[in-house]
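For reference, protein-v4.txt is printed below; it contains compact mmCIF, C-alpha atoms.
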# COMPACT_ATOMS: atom_id res chain seq x y z
CA MET A 1 -74.27 55.21 -77.05
CA THR A 2 -76.68 55.87 -79.89
CA ASN A 3 -79.18 53.16 -80.71
CA ILE A 4 -79.85 52.05 -84.27
CA MET A 5 -83.26 53.00 -85.65
CA THR A 6 -85.41 49.98 -86.45
CA ILE A 7 -88.97 49.07 -87.31
CA ALA A 8 -90.49 46.21 -85.36
CA PRO A 9 -92.21 43.69 -87.66
CA GLU A 10 -95.34 43.60 -85.48
CA LYS A 11 -95.71 47.40 -85.76
CA ALA A 12 -95.14 47.60 -89.51
CA THR A 13 -97.86 48.87 -91.82
CA GLY A 14 -98.31 49.19 -95.56
CA ILE A 15 -95.39 48.23 -97.78
CA ARG A 16 -93.17 47.48 -94.76
CA LYS A 17 -95.69 44.90 -93.56
CA LEU A 18 -95.40 43.19 -96.96
CA PHE A 19 -91.61 43.48 -96.76
CA PHE A 20 -91.57 41.67 -93.41
CA ARG A 21 -93.93 39.01 -94.73
CA TRP A 22 -91.48 38.38 -97.58
CA VAL A 23 -88.53 38.26 -95.15
CA ARG A 24 -90.33 35.79 -92.88
CA GLY A 25 -91.02 33.58 -95.88
CA HIS A 26 -87.32 33.45 -96.71
CA TYR A 27 -86.02 33.03 -93.15
CA GLY A 28 -88.23 30.33 -91.70
CA GLY A 29 -90.79 32.62 -90.10
CA VAL A 30 -88.33 34.95 -88.34
CA VAL A 31 -87.09 38.43 -89.18
CA PRO A 32 -83.31 38.80 -88.74
CA GLY A 33 -82.38 42.03 -86.93
CA VAL A 34 -80.63 43.44 -89.98
CA TYR A 35 -83.95 43.52 -91.85
CA GLN A 36 -85.53 45.54 -89.04
CA VAL A 37 -82.80 48.12 -89.70
CA LEU A 38 -83.25 47.93 -93.47
CA ALA A 39 -87.01 48.48 -93.18
CA VAL A 40 -86.35 52.07 -92.12
CA ASP A 41 -85.30 52.92 -95.70
CA LEU A 42 -86.68 50.44 -98.21
CA LYS A 43 -84.69 52.00 -101.08
CA VAL A 44 -81.56 50.43 -99.67
CA ALA A 45 -83.21 47.26 -98.32
CA ARG A 46 -82.82 45.15 -101.46
CA PRO A 47 -79.15 45.88 -102.27
CA ALA A 48 -78.14 45.90 -98.61
CA GLY A 49 -80.09 42.70 -98.02
CA ALA A 50 -78.27 41.07 -100.92
CA LEU A 51 -74.97 42.18 -99.41
CA TYR A 52 -76.03 40.80 -96.02
CA ASN A 53 -76.93 37.45 -97.58
CA HIS A 54 -73.63 37.31 -99.44
CA LEU A 55 -71.55 38.16 -96.37
CA HIS A 56 -73.53 36.17 -93.83
CA LEU A 57 -74.69 33.13 -95.76
CA GLY A 58 -72.31 32.91 -98.73
CA LYS A 59 -68.89 31.31 -98.83
CA SER A 60 -66.21 33.63 -97.51
CA SER A 61 -62.47 33.43 -97.16
CA LEU A 62 -62.54 36.39 -94.74
CA LEU A 63 -64.83 35.08 -92.00
CA THR A 64 -65.76 31.59 -90.89
CA ARG A 65 -69.42 30.69 -90.50
CA LEU A 66 -68.96 30.86 -86.71
CA GLN A 67 -67.47 34.36 -86.94
CA ARG A 68 -70.35 35.50 -89.13
CA GLU A 69 -72.87 34.09 -86.62
CA MET A 70 -71.05 35.89 -83.80
CA LEU A 71 -71.18 39.16 -85.74
CA ALA A 72 -74.88 38.66 -86.44
CA THR A 73 -75.47 38.06 -82.73
CA VAL A 74 -73.81 41.36 -81.83
CA VAL A 75 -75.80 43.26 -84.47
CA ASN A 76 -79.02 41.62 -83.35
CA GLY A 77 -78.28 42.66 -79.76
CA LYS A 78 -77.63 46.25 -80.84
CA VAL A 79 -81.02 46.46 -82.53
CA GLY A 80 -82.79 44.89 -79.56
CA GLY A 81 -83.48 41.52 -81.13
CA ALA A 82 -84.22 38.33 -79.27
CA PRO A 83 -81.27 36.31 -77.95

File written out as structure tokens:
Amino acid sequence: MTNIMTIAPEKATGIRKLFFRWVRGHYGGVVPGVYQVLAVDLKVARPAGALYNHLHLGKSSLLTRLQREMLATVVNGKVGGAP
């Protein structure tokens, strides 16, 4: 199975280091796995991040909060995030 390309926050430099600092500020000091994926191509990070926030944190009639957390857990595992 192919792994998803990511950038680890502790290895980031330049603009990506600033990006991760911003993410940490908005997520209580942690970097959700999806943002490690988005850091690979910062051109899509803002719109995709907004979509992530809407789907994961917003109100949804499609998925319950528990289902969204379960999906986030699977994605985080795929990108090698912490349990």

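Of the listed residues A:Tyr52, A:Gly25, A:Ala72, A:Tyr35, the one whose atoms come nearest to Met5 (chain A) is A:Tyr35, with distances taken using all atoms listed in the file.
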
Point-to-point distance in Å for CA of Arg46 (chain A) and CA of Phe20 (chain A): 12.4 Å

Interatomic distance, CA of Ala45 (chain A) to CA of Tyr27 (chain A) (Å, one decimal): 15.4 Å

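Using all atoms listed in the file, the nearest neighbour of Val30 (chain A) within the list A:Ala8, A:Leu63, A:Met70, A:Leu57 is A:Ala8.
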
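Distances here use all atoms listed in the file; by that measure, the residue among A:Val37, A:Val23, A:Val44, A:Ile15 closest to Asn3 (chain A) is A:Val37.
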
Pick from A:Trp22, A:Lys43, A:Asn53, A:Val79 nearest to Ile7 (chain A), counting all atoms listed in the file: A:Val79

Gap from CA of Gly33 (chain A) to CA of Gln67 (chain A) - Å, one decimal: 16.8 Å

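When all atoms listed in the file are used to measure the gap to Asp41 (chain A), the shortest distance among A:Lys78, A:Arg24, A:Arg16, A:His56 belongs to A:Arg16.
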